[in-house]
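Here is the structure we will look at.
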Amino acid sequence: MSVLLSWSRIATLTIRPQLFSGDQEGSLGGPTLPVPRMGDRFAVDLTTTQLGQDAESRQFVAKLFQATTLDARIPLCAPNAGAIFGARGAIVDGAGQSGSSVAVRGMRPWTELLAGNFFHIGHADTFFIYMIAGRIMADGAGKALVPIWPMLRFLTVDGETCEFEEPVIAGKLTGFDKGASFSKNRTDPIQFSISERA
């Protein structure tokens, strides 16, 4: 279970990779080789606006307190994301998929998916965020093989939800250990992070 936070109180968002991949150093001056691992994932660093002494601000702070033990989730509103239309209702097309692409069905024919946009797959009661790694267009049946980064971190289940239009990121909330600082007529901006757990 995770606590949904409102995007309306967010001033800045930084999305960053959490890397578990590495490099294998070459011996005696040999080439350094990348070693990809399937645990790579995302985190976001967030800063709120200056919060007022109002009901919405109090509720936002209360949800942050809850999320310290229940995890947090928030819409991933990347400002440079291109608009995607026709992908609502997309689902995973086939069980047991792994690797750096995922087959999807259920989109409108010829829907364009834009490189650099994010989407989530709902799996095992959580959300897994991926970036579209190359421009792709659904075929006339509304199917596409979507290149992704990082690689899939689980074996897919046929029919799992793929959310391209309103993705959310969910995971461990950190950085709120000092709580909220209340001034006379406001709550100072709060900085915190949400890191995917798997």
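By order of appearance in the structure tokens: chains A, B, ..., then residues from 1 within every chain, and ligands from 1 in the order shown.
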Using only C-alpha atoms, tabulate the residues of segment 5-39 of chain A lying at most 12 Å from any atom of segment 73-94 of chain A, each with its closest atom pair and that distance in Å to one decimal, by chain and increasing residue number, as JSON lines.
{"residue": "A:Leu5", "atom": "CA", "partner": "A:Ile74", "partner_atom": "CA", "distance": 5.2}
{"residue": "A:Ser6", "atom": "CA", "partner": "A:Ile74", "partner_atom": "CA", "distance": 6.7}
{"residue": "A:Trp7", "atom": "CA", "partner": "A:Pro75", "partner_atom": "CA", "distance": 6.6}
{"residue": "A:Ser8", "atom": "CA", "partner": "A:Pro75", "partner_atom": "CA", "distance": 10.2}
{"residue": "A:Arg9", "atom": "CA", "partner": "A:Ile74", "partner_atom": "CA", "distance": 11.0}
{"residue": "A:Ile10", "atom": "CA", "partner": "A:Ile74", "partner_atom": "CA", "distance": 10.0}
{"residue": "A:Ala11", "atom": "CA", "partner": "A:Cys77", "partner_atom": "CA", "distance": 11.4}
{"residue": "A:Thr12", "atom": "CA", "partner": "A:Pro79", "partner_atom": "CA", "distance": 9.9}
{"residue": "A:Leu13", "atom": "CA", "partner": "A:Ala78", "partner_atom": "CA", "distance": 7.8}
{"residue": "A:Thr14", "atom": "CA", "partner": "A:Ala78", "partner_atom": "CA", "distance": 8.7}
{"residue": "A:Ile15", "atom": "CA", "partner": "A:Ala78", "partner_atom": "CA", "distance": 8.3}
{"residue": "A:Arg16", "atom": "CA", "partner": "A:Ala78", "partner_atom": "CA", "distance": 11.7}
**Residues within 7 Å of segment 131-140 of chain A, only C-alpha atoms, excluding chain neighbours under 4 positions, as a list in words** =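 Final neighbour list, sorted by chain and number: Pro109, Trp110, Thr111, Glu112, Leu113, Leu114, Ala115, Gly116, Asn117, Phe118, Phe119, Ala144, Val146, Pro147, Ile148 and Trp149 of chain A.
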**Request:** Check the smallest atom-to-atom distance from each of A:Gly22, A:Phe65, A:Ser2, A:Gly106 to Phe127 of chain A using only C-alpha atoms, then report the winner.
**Result:**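 Counting only C-alpha atoms, the residue closest to Phe127 of chain A is A:Ser2.
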**Nearest-residue call for Leu145 of chain A, choices A:Asp177, A:Val104, A:Phe128, A:His120, using only C-alpha atoms** =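 Selected residue with least distance to Leu145 of chain A: A:Val104.
Closest to Ile129 of chain A among A:Leu152, A:Leu28, A:Asn185, A:Gln53 is A:Leu152, based on only C-alpha atoms.
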